[in-house]
file final-v2.txt (compact mmCIF, N, CA and C atoms)
# COMPACT_ATOMS: atom_id res chain seq x y z
N MET A 570 102.30 -27.93 243.02
CA MET A 570 102.32 -27.71 241.60
C MET A 570 101.56 -28.81 240.89
N ALA A 571 100.94 -28.47 239.80
CA ALA A 571 100.25 -29.47 239.00
C ALA A 571 101.27 -30.28 238.22
N SER A 572 101.05 -31.55 238.12
CA SER A 572 102.00 -32.36 237.37
C SER A 572 101.60 -32.37 235.90
N ALA A 573 102.58 -32.51 235.05
CA ALA A 573 102.34 -32.53 233.61
C ALA A 573 102.65 -33.91 233.08
N SER A 574 101.81 -34.39 232.19
CA SER A 574 102.04 -35.71 231.64
C SER A 574 102.79 -35.64 230.32
N ARG A 575 103.05 -34.45 229.84
CA ARG A 575 103.77 -34.28 228.59
C ARG A 575 105.21 -33.92 228.86
N SER A 576 106.09 -34.15 227.89
CA SER A 576 107.50 -33.83 228.08
C SER A 576 107.75 -32.36 227.82
N VAL A 577 108.86 -31.86 228.35
CA VAL A 577 109.22 -30.45 228.18
C VAL A 577 109.52 -30.14 226.72
N ALA A 578 109.89 -31.14 225.94
CA ALA A 578 110.20 -30.92 224.53
C ALA A 578 108.98 -30.47 223.74
N SER A 579 107.79 -30.74 224.24
CA SER A 579 106.57 -30.34 223.55
C SER A 579 106.47 -28.82 223.54
N SER A 580 106.35 -28.23 222.36
CA SER A 580 106.40 -26.77 222.23
C SER A 580 105.27 -26.08 222.98
N GLU A 581 104.12 -26.76 223.18
CA GLU A 581 103.02 -26.09 223.83
C GLU A 581 103.22 -25.90 225.33
N ILE A 582 104.18 -26.59 225.93
CA ILE A 582 104.35 -26.43 227.37
C ILE A 582 105.68 -25.77 227.75
N ARG A 583 106.44 -25.34 226.78
CA ARG A 583 107.69 -24.66 227.10
C ARG A 583 107.40 -23.30 227.72
N PRO A 584 108.17 -22.92 228.72
CA PRO A 584 107.95 -21.60 229.34
C PRO A 584 108.63 -20.48 228.56
N TRP A 585 108.91 -20.67 227.29
CA TRP A 585 109.53 -19.63 226.48
C TRP A 585 108.96 -19.67 225.07
N ARG A 586 109.22 -18.57 224.36
CA ARG A 586 108.84 -18.45 222.95
C ARG A 586 109.87 -17.58 222.26
N ARG A 587 109.98 -17.72 220.97
CA ARG A 587 110.91 -16.88 220.21
C ARG A 587 110.34 -15.49 220.02
N GLY A 588 111.24 -14.52 220.13
CA GLY A 588 110.89 -13.15 219.82
C GLY A 588 111.75 -12.72 218.64
N GLN A 589 111.82 -11.44 218.39
CA GLN A 589 112.65 -10.91 217.31
C GLN A 589 114.07 -10.71 217.84
N GLY A 590 114.98 -11.60 217.48
CA GLY A 590 116.36 -11.52 217.95
C GLY A 590 116.54 -11.90 219.41
N CYS A 591 115.54 -12.60 219.96
CA CYS A 591 115.62 -12.99 221.37
C CYS A 591 114.70 -14.17 221.64
N VAL A 592 114.79 -14.68 222.84
CA VAL A 592 113.84 -15.67 223.34
C VAL A 592 113.20 -15.04 224.58
N ILE A 593 111.88 -15.13 224.68
CA ILE A 593 111.16 -14.53 225.79
C ILE A 593 110.73 -15.66 226.73
N VAL A 594 111.16 -15.56 227.98
CA VAL A 594 110.91 -16.60 228.98
C VAL A 594 109.88 -16.09 229.98
N ARG A 595 108.86 -16.90 230.24
CA ARG A 595 107.89 -16.58 231.29
C ARG A 595 108.49 -17.05 232.62
N VAL A 596 108.49 -16.16 233.61
CA VAL A 596 109.07 -16.46 234.92
C VAL A 596 108.08 -16.08 236.01
N ARG A 597 107.91 -16.95 236.98
CA ARG A 597 107.13 -16.62 238.17
C ARG A 597 108.12 -16.34 239.29
N LEU A 598 108.11 -15.10 239.77
CA LEU A 598 109.10 -14.64 240.75
C LEU A 598 108.54 -14.64 242.16
N THR A 599 109.33 -15.16 243.10
CA THR A 599 109.04 -15.07 244.52
C THR A 599 110.12 -14.19 245.14
N PRO A 600 109.78 -12.94 245.49
CA PRO A 600 110.76 -12.07 246.15
C PRO A 600 110.84 -12.36 247.64
N LYS A 601 111.78 -11.74 248.31
CA LYS A 601 111.99 -11.87 249.76
C LYS A 601 112.19 -13.32 250.18
N SER A 602 112.86 -14.09 249.34
CA SER A 602 113.12 -15.49 249.64
C SER A 602 114.42 -15.61 250.45
N SER A 603 114.59 -16.72 251.14
CA SER A 603 115.84 -16.92 251.88
C SER A 603 116.98 -17.27 250.92
N LYS A 604 116.65 -17.72 249.71
CA LYS A 604 117.68 -18.07 248.72
C LYS A 604 117.35 -17.42 247.38
N THR A 605 118.40 -17.12 246.62
CA THR A 605 118.24 -16.63 245.26
C THR A 605 118.58 -17.80 244.35
N MET A 606 117.56 -18.30 243.63
CA MET A 606 117.77 -19.49 242.82
C MET A 606 116.64 -19.71 241.83
N VAL A 607 116.94 -20.48 240.78
CA VAL A 607 115.90 -20.99 239.89
C VAL A 607 115.45 -22.30 240.51
N ASP A 608 114.15 -22.41 240.72
CA ASP A 608 113.59 -23.48 241.54
C ASP A 608 112.86 -24.57 240.77
N GLY A 609 112.74 -24.43 239.46
CA GLY A 609 112.03 -25.43 238.67
C GLY A 609 111.16 -24.77 237.63
N VAL A 610 110.21 -25.55 237.15
CA VAL A 610 109.23 -25.06 236.18
C VAL A 610 107.87 -25.49 236.68
N GLY A 611 106.91 -24.58 236.65
CA GLY A 611 105.57 -24.91 237.11
C GLY A 611 104.52 -24.20 236.31
N GLU A 612 103.28 -24.51 236.60
CA GLU A 612 102.15 -23.91 235.90
C GLU A 612 101.73 -22.61 236.56
N THR A 613 101.33 -21.65 235.73
CA THR A 613 100.71 -20.41 236.19
C THR A 613 99.43 -20.24 235.39
N ALA A 614 98.64 -19.26 235.72
CA ALA A 614 97.42 -18.98 234.96
C ALA A 614 97.75 -18.61 233.52
N ASP A 615 98.96 -18.11 233.28
CA ASP A 615 99.38 -17.72 231.94
C ASP A 615 100.06 -18.84 231.18
N GLY A 616 100.25 -19.99 231.82
CA GLY A 616 100.94 -21.12 231.20
C GLY A 616 102.18 -21.47 232.00
N PRO A 617 103.00 -22.37 231.47
CA PRO A 617 104.19 -22.79 232.22
C PRO A 617 105.17 -21.64 232.40
N ALA A 618 105.89 -21.67 233.52
CA ALA A 618 106.85 -20.61 233.82
C ALA A 618 108.03 -21.19 234.58
N VAL A 619 109.18 -20.59 234.38
CA VAL A 619 110.35 -20.90 235.19
C VAL A 619 110.06 -20.30 236.56
N LEU A 620 110.28 -21.06 237.61
CA LEU A 620 110.05 -20.59 238.97
C LEU A 620 111.36 -20.06 239.54
N ALA A 621 111.36 -18.81 239.94
CA ALA A 621 112.59 -18.18 240.44
C ALA A 621 112.32 -17.53 241.79
N ARG A 622 113.37 -17.55 242.63
CA ARG A 622 113.32 -16.91 243.95
C ARG A 622 114.48 -15.94 244.05
N VAL A 623 114.22 -14.78 244.63
CA VAL A 623 115.30 -13.83 244.89
C VAL A 623 115.15 -13.31 246.31
N ALA A 624 116.27 -12.96 246.92
CA ALA A 624 116.26 -12.43 248.28
C ALA A 624 115.80 -10.97 248.30
N ALA A 625 115.94 -10.27 247.19
CA ALA A 625 115.60 -8.85 247.12
C ALA A 625 114.11 -8.62 247.36
N VAL A 626 113.81 -7.45 247.91
CA VAL A 626 112.42 -7.06 248.15
C VAL A 626 111.84 -6.42 246.88
N PRO A 627 110.52 -6.49 246.72
CA PRO A 627 109.91 -5.92 245.52
C PRO A 627 109.67 -4.41 245.65
N GLU A 628 110.74 -3.67 245.88
CA GLU A 628 110.65 -2.22 245.99
C GLU A 628 111.68 -1.58 245.08
N ASP A 629 111.28 -0.52 244.41
CA ASP A 629 112.17 0.25 243.54
C ASP A 629 112.87 -0.62 242.49
N GLY A 630 112.22 -1.69 242.05
CA GLY A 630 112.78 -2.53 241.01
C GLY A 630 113.89 -3.46 241.46
N ALA A 631 114.13 -3.56 242.77
CA ALA A 631 115.24 -4.38 243.27
C ALA A 631 115.04 -5.86 242.95
N ALA A 632 113.83 -6.38 243.12
CA ALA A 632 113.58 -7.80 242.84
C ALA A 632 113.69 -8.07 241.34
N ASN A 633 113.23 -7.14 240.51
CA ASN A 633 113.34 -7.31 239.06
C ASN A 633 114.80 -7.31 238.61
N ALA A 634 115.60 -6.42 239.16
CA ALA A 634 117.03 -6.38 238.83
C ALA A 634 117.71 -7.66 239.28
N ALA A 635 117.36 -8.14 240.47
CA ALA A 635 117.93 -9.39 240.97
C ALA A 635 117.53 -10.57 240.08
N LEU A 636 116.29 -10.55 239.58
CA LEU A 636 115.83 -11.60 238.67
C LEU A 636 116.64 -11.59 237.37
N GLU A 637 116.85 -10.42 236.81
CA GLU A 637 117.65 -10.33 235.58
C GLU A 637 119.06 -10.89 235.81
N GLN A 638 119.66 -10.54 236.93
CA GLN A 638 121.00 -11.07 237.25
C GLN A 638 120.98 -12.58 237.43
N LEU A 639 119.95 -13.08 238.11
CA LEU A 639 119.83 -14.52 238.34
C LEU A 639 119.71 -15.27 237.02
N ILE A 640 118.84 -14.81 236.13
CA ILE A 640 118.65 -15.49 234.84
C ILE A 640 119.93 -15.45 234.03
N ALA A 641 120.64 -14.33 234.03
CA ALA A 641 121.91 -14.24 233.30
C ALA A 641 122.92 -15.24 233.85
N ARG A 642 123.02 -15.34 235.16
CA ARG A 642 123.94 -16.30 235.79
C ARG A 642 123.52 -17.74 235.49
N TRP A 643 122.22 -18.03 235.61
CA TRP A 643 121.69 -19.37 235.40
C TRP A 643 121.99 -19.87 233.99
N LEU A 644 121.85 -18.97 233.02
CA LEU A 644 122.07 -19.34 231.62
C LEU A 644 123.50 -19.08 231.16
N ASP A 645 124.31 -18.47 232.02
CA ASP A 645 125.68 -18.11 231.68
C ASP A 645 125.74 -17.26 230.41
N VAL A 646 124.93 -16.21 230.42
CA VAL A 646 124.91 -15.24 229.32
C VAL A 646 125.24 -13.87 229.91
N PRO A 647 125.68 -12.93 229.07
CA PRO A 647 125.98 -11.60 229.60
C PRO A 647 124.74 -10.94 230.20
N ARG A 648 124.91 -10.26 231.30
CA ARG A 648 123.81 -9.58 231.99
C ARG A 648 123.10 -8.61 231.06
N ARG A 649 123.84 -7.97 230.18
CA ARG A 649 123.24 -6.99 229.27
C ARG A 649 122.28 -7.61 228.26
N SER A 650 122.33 -8.94 228.09
CA SER A 650 121.44 -9.60 227.13
C SER A 650 120.11 -10.03 227.75
N VAL A 651 119.95 -9.80 229.07
CA VAL A 651 118.73 -10.21 229.78
C VAL A 651 117.97 -8.95 230.21
N GLN A 652 116.68 -8.89 229.83
CA GLN A 652 115.90 -7.69 230.14
C GLN A 652 114.45 -8.04 230.44
N LEU A 653 113.92 -7.45 231.51
CA LEU A 653 112.51 -7.58 231.83
C LEU A 653 111.72 -6.82 230.77
N VAL A 654 110.75 -7.48 230.13
CA VAL A 654 109.97 -6.82 229.09
C VAL A 654 108.48 -6.73 229.43
N GLN A 655 108.04 -7.47 230.45
CA GLN A 655 106.64 -7.42 230.84
C GLN A 655 106.50 -7.90 232.27
N GLY A 656 105.55 -7.32 233.01
CA GLY A 656 105.24 -7.79 234.36
C GLY A 656 106.06 -7.13 235.45
N GLY A 657 106.46 -5.90 235.25
CA GLY A 657 107.28 -5.20 236.23
C GLY A 657 106.72 -5.20 237.64
N LYS A 658 105.38 -5.20 237.77
CA LYS A 658 104.76 -5.17 239.09
C LYS A 658 103.94 -6.42 239.36
N SER A 659 104.21 -7.46 238.59
CA SER A 659 103.48 -8.72 238.71
C SER A 659 104.43 -9.83 239.12
N ARG A 660 103.90 -10.91 239.66
CA ARG A 660 104.75 -12.07 239.97
C ARG A 660 105.15 -12.82 238.70
N VAL A 661 104.26 -12.84 237.71
CA VAL A 661 104.57 -13.52 236.45
C VAL A 661 105.12 -12.47 235.49
N LYS A 662 106.34 -12.73 235.02
CA LYS A 662 107.08 -11.75 234.22
C LYS A 662 107.53 -12.36 232.91
N ALA A 663 107.85 -11.51 231.97
CA ALA A 663 108.46 -11.94 230.71
C ALA A 663 109.87 -11.35 230.66
N ILE A 664 110.84 -12.24 230.47
CA ILE A 664 112.24 -11.84 230.40
C ILE A 664 112.74 -12.14 228.99
N ALA A 665 113.29 -11.15 228.32
CA ALA A 665 113.86 -11.35 226.98
C ALA A 665 115.35 -11.62 227.12
N ILE A 666 115.80 -12.65 226.41
CA ILE A 666 117.22 -12.99 226.37
C ILE A 666 117.67 -12.80 224.93
N ALA A 667 118.46 -11.76 224.70
CA ALA A 667 118.89 -11.41 223.35
C ALA A 667 120.00 -12.34 222.88
N GLY A 668 119.98 -12.64 221.59
CA GLY A 668 121.03 -13.47 221.00
C GLY A 668 120.45 -14.46 220.00
N ASP A 669 121.23 -15.47 219.70
CA ASP A 669 120.85 -16.51 218.75
C ASP A 669 119.71 -17.33 219.34
N GLU A 670 118.51 -17.22 218.74
CA GLU A 670 117.33 -17.87 219.30
C GLU A 670 117.49 -19.39 219.44
N ILE A 671 118.08 -20.03 218.45
CA ILE A 671 118.23 -21.49 218.49
C ILE A 671 119.18 -21.89 219.63
N ALA A 672 120.28 -21.18 219.76
CA ALA A 672 121.24 -21.48 220.83
C ALA A 672 120.61 -21.25 222.21
N ILE A 673 119.84 -20.17 222.34
CA ILE A 673 119.20 -19.87 223.63
C ILE A 673 118.14 -20.92 223.95
N GLU A 674 117.34 -21.31 222.96
CA GLU A 674 116.33 -22.34 223.19
C GLU A 674 116.97 -23.68 223.57
N THR A 675 118.07 -24.03 222.93
CA THR A 675 118.78 -25.26 223.27
C THR A 675 119.29 -25.20 224.71
N LEU A 676 119.85 -24.07 225.08
CA LEU A 676 120.34 -23.88 226.45
C LEU A 676 119.20 -23.96 227.46
N LEU A 677 118.09 -23.28 227.16
CA LEU A 677 116.93 -23.33 228.05
C LEU A 677 116.40 -24.75 228.21
N ALA A 678 116.31 -25.48 227.10
CA ALA A 678 115.81 -26.86 227.16
C ALA A 678 116.70 -27.71 228.07
N ALA A 679 118.02 -27.53 227.96
CA ALA A 679 118.95 -28.29 228.79
C ALA A 679 118.82 -27.90 230.25
N LYS A 680 118.71 -26.61 230.54
CA LYS A 680 118.59 -26.13 231.92
C LYS A 680 117.28 -26.60 232.56
N VAL A 681 116.18 -26.54 231.80
CA VAL A 681 114.89 -26.99 232.30
C VAL A 681 114.91 -28.50 232.55
N ALA A 682 115.52 -29.24 231.65
CA ALA A 682 115.63 -30.70 231.82
C ALA A 682 116.43 -31.02 233.08
N ALA A 683 117.51 -30.26 233.33
CA ALA A 683 118.34 -30.48 234.53
C ALA A 683 117.55 -30.19 235.81
N LEU A 684 116.54 -29.33 235.72
CA LEU A 684 115.70 -29.03 236.88
C LEU A 684 114.64 -30.10 237.10
N GLY A 685 114.51 -31.00 236.17
CA GLY A 685 113.49 -32.04 236.28
C GLY A 685 112.26 -31.75 235.45
N GLY A 686 112.35 -30.76 234.55
CA GLY A 686 111.22 -30.45 233.69
C GLY A 686 110.07 -29.81 234.45
N MET A 687 108.87 -30.07 234.00
CA MET A 687 107.67 -29.50 234.61
C MET A 687 107.43 -30.12 235.97
N GLY A 688 107.17 -29.26 236.97
CA GLY A 688 106.94 -29.74 238.31
C GLY A 688 105.51 -30.00 238.63
call {"tool": "encode", "arguments": {"input": "final-v2.txt", "output": "structure tokens"}}
result
Amino acid sequence: MASASRSVASSEIRPWRRGQGCVIVRVRLTPKSSKTMVDGVGETADGPAVLARVAAVPEDGAANAALEQLIARWLDVPRRSVQLVQGGKSRVKAIAIAGDEIAIETLLAAKVAALGGMG
């Protein structure tokens, strides 16, 4: 992964942005992994992304469903508030997390910081 010299607090490198009634998180998904976990934050061609791994295979939406469940568990939010909105057949995806944007951004900032920020 490329290292970043800026802090995660800088808005230009956050792997999320505000949407209408939600926060949209860019995620780079690795399916068929030995573990299901959020693995850090790294750079993609589209910008910074949360790096996630799921054991599910990328068939019939199984990996995408597993990703939605993983993000809901990671952020401790209801599963129904997490939805794939872009990248259904791509490794880089956009996940919308519905709710209070400020509270979600605060939670994301804390979770990303706990992962060590940008990798």
call {"tool": "closest_atom_pairs", "arguments": {"input": "final-v2.txt", "of": "segment 594-632 of chain A", "to": "segment 652-658 of chain A", "cutoff": "10 Å", "atoms": "only C-alpha atoms", "output": "CSV"}}
result
residue,atom,partner,partner_atom,distance
A:Val594,CA,A:Leu653,CA,9.6
A:Arg595,CA,A:Gln655,CA,9.3
A:Val596,CA,A:Gly656,CA,9.5
A:Arg597,CA,A:Gly656,CA,9.8
A:Pro627,CA,A:Lys658,CA,8.3
A:Glu628,CA,A:Lys658,CA,9.5
A:Gly630,CA,A:Gly657,CA,7.8
A:Ala632,CA,A:Gly657,CA,9.5
call {"tool": "closest_residue", "arguments": {"input": "final-v2.txt", "among": "A:Ala624, A:Pro584, A:Ala679, A:Gln589", "to": "Ala663 of chain A", "atoms": "only C-alpha atoms"}}
result
A:Pro584
call {"tool": "closest_residue", "arguments": {"input": "final-v2.txt", "among": "A:Leu598, A:Ile582, A:Ala635, A:Ala625", "to": "Ser659 of chain A", "atoms": "all atoms listed in the file"}}
result
A:Leu598
call {"tool": "closest_residue", "arguments": {"input": "final-v2.txt", "among": "A:Pro647, A:Gly609, A:Gly668, A:Gly616", "to": "Ala683 of chain A", "atoms": "only C-alpha atoms"}}
result
A:Gly609
call {"tool": "closest_residue", "arguments": {"input": "final-v2.txt", "among": "A:Asp645, A:Glu612, A:Asp629, A:Asp669", "to": "Val592 of chain A", "atoms": "all atoms listed in the file"}}
result
A:Asp669
call {"tool": "atom_distance", "arguments": {"input": "final-v2.txt", "atom1": "atom CA of Arg583 of chain A", "atom2": "atom CA of Lys604 of chain A"}}
result
24.7 Å
call {"tool": "atom_distance", "arguments": {"input": "final-v2.txt", "atom1": "atom CA of Pro600 of chain A", "atom2": "atom CA of Val623 of chain A"}}
result
5.0 Å
call {"tool": "select_by_dssp", "arguments": {"input": "final-v2.txt", "residues": "chain A", "states": "helix (DSSP H, G or I)", "output": "JSON, numbers by chain"}}
result
{"A": [580, 581, 582, 631, 632, 633, 634, 635, 636, 637, 638, 639, 640, 641, 642, 643, 644, 648, 649, 650, 670, 671, 672, 673, 674, 675, 676, 677, 678, 679, 680, 681, 682, 683]}
call {"tool": "atom_distance", "arguments": {"input": "final-v2.txt", "atom1": "atom CA of Cys591 of chain A", "atom2": "atom CA of Val626 of chain A"}}
result
27.6 Å
call {"tool": "closest_residue", "arguments": {"input": "final-v2.txt", "among": "A:Gly685, A:Gly590, A:Pro617, A:Gly611", "to": "Ser650 of chain A", "atoms": "only C-alpha atoms"}}
result
A:Gly590
call {"tool": "select_by_dssp", "arguments": {"input": "final-v2.txt", "residues": "segment 624-688 of chain A", "states": "strand (DSSP E or B)", "output": "list in words"}}
result
Val651, Gln652, Leu653, Val654, Gln655, Val661, Lys662, Ala663, Ile664, Ala665, Ile666, Ala667 and Met687 of chain A
call {"tool": "residues_near_point", "arguments": {"input": "final-v2.txt", "point": "(122.0, -6.8, 230.4)", "cutoff": "10 Å", "atoms": "only C-alpha atoms", "output": "list of chain:residue names"}}
result
A:Ala634, A:Glu637, A:Gln638, A:Ala641, A:Val646, A:Pro647, A:Arg648, A:Arg649, A:Ser650, A:Val651, A:Gln652, A:Leu653, A:Ala665, A:Ile666, A:Ala667
call {"tool": "decode", "arguments": {"input": "final-v2.txt", "residues": "segment 615-627 of chain A", "atoms": "N, CA and C atoms", "output": "PDB file, in the first residue's frame"}}
result
ATOM      1  N   ASP A 615      -9.609   5.063  -7.388  1.00  0.00           N
ATOM      2  CA  ASP A 615     -10.712   5.987  -7.146  1.00  0.00           C
ATOM      3  C   ASP A 615     -10.496   6.859  -5.920  1.00  0.00           C
ATOM      4  N   GLY A 616      -9.410   6.628  -5.188  1.00  0.00           N
ATOM      5  CA  GLY A 616      -9.142   7.367  -3.956  1.00  0.00           C
ATOM      6  C   GLY A 616      -9.061   6.407  -2.783  1.00  0.00           C
ATOM      7  N   PRO A 617      -8.980   6.948  -1.573  1.00  0.00           N
ATOM      8  CA  PRO A 617      -8.860   6.076  -0.404  1.00  0.00           C
ATOM      9  C   PRO A 617     -10.107   5.219  -0.206  1.00  0.00           C
ATOM     10  N   ALA A 618      -9.902   4.023   0.331  1.00  0.00           N
ATOM     11  CA  ALA A 618     -11.019   3.104   0.553  1.00  0.00           C
ATOM     12  C   ALA A 618     -10.762   2.275   1.798  1.00  0.00           C
ATOM     13  N   VAL A 619     -11.840   1.908   2.459  1.00  0.00           N
ATOM     14  CA  VAL A 619     -11.765   0.946   3.545  1.00  0.00           C
ATOM     15  C   VAL A 619     -11.478  -0.398   2.882  1.00  0.00           C
ATOM     16  N   LEU A 620     -10.513  -1.133   3.406  1.00  0.00           N
ATOM     17  CA  LEU A 620     -10.158  -2.442   2.856  1.00  0.00           C
ATOM     18  C   LEU A 620     -10.897  -3.514   3.635  1.00  0.00           C
ATOM     19  N   ALA A 621     -11.687  -4.308   2.937  1.00  0.00           N
ATOM     20  CA  ALA A 621     -12.491  -5.337   3.597  1.00  0.00           C
ATOM     21  C   ALA A 621     -12.264  -6.683   2.925  1.00  0.00           C
ATOM     22  N   ARG A 622     -12.343  -7.734   3.758  1.00  0.00           N
ATOM     23  CA  ARG A 622     -12.218  -9.111   3.274  1.00  0.00           C
ATOM     24  C   ARG A 622     -13.440  -9.890   3.729  1.00  0.00           C
ATOM     25  N   VAL A 623     -13.960 -10.726   2.842  1.00  0.00           N
ATOM     26  CA  VAL A 623     -15.058 -11.612   3.221  1.00  0.00           C
ATOM     27  C   VAL A 623     -14.749 -13.016   2.713  1.00  0.00           C
ATOM     28  N   ALA A 624     -15.246 -14.002   3.424  1.00  0.00           N
ATOM     29  CA  ALA A 624     -15.039 -15.395   3.029  1.00  0.00           C
ATOM     30  C   ALA A 624     -15.945 -15.788   1.862  1.00  0.00           C
ATOM     31  N   ALA A 625     -17.041 -15.081   1.683  1.00  0.00           N
ATOM     32  CA  ALA A 625     -18.013 -15.413   0.642  1.00  0.00           C
ATOM     33  C   ALA A 625     -17.406 -15.270  -0.752  1.00  0.00           C
ATOM     34  N   VAL A 626     -17.928 -16.070  -1.674  1.00  0.00           N
ATOM     35  CA  VAL A 626     -17.484 -16.001  -3.069  1.00  0.00           C
ATOM     36  C   VAL A 626     -18.288 -14.931  -3.810  1.00  0.00           C
ATOM     37  N   PRO A 627     -17.705 -14.364  -4.869  1.00  0.00           N
ATOM     38  CA  PRO A 627     -18.407 -13.313  -5.605  1.00  0.00           C
ATOM     39  C   PRO A 627     -19.402 -13.885  -6.625  1.00  0.00           C
TER      40      PRO A 627
END
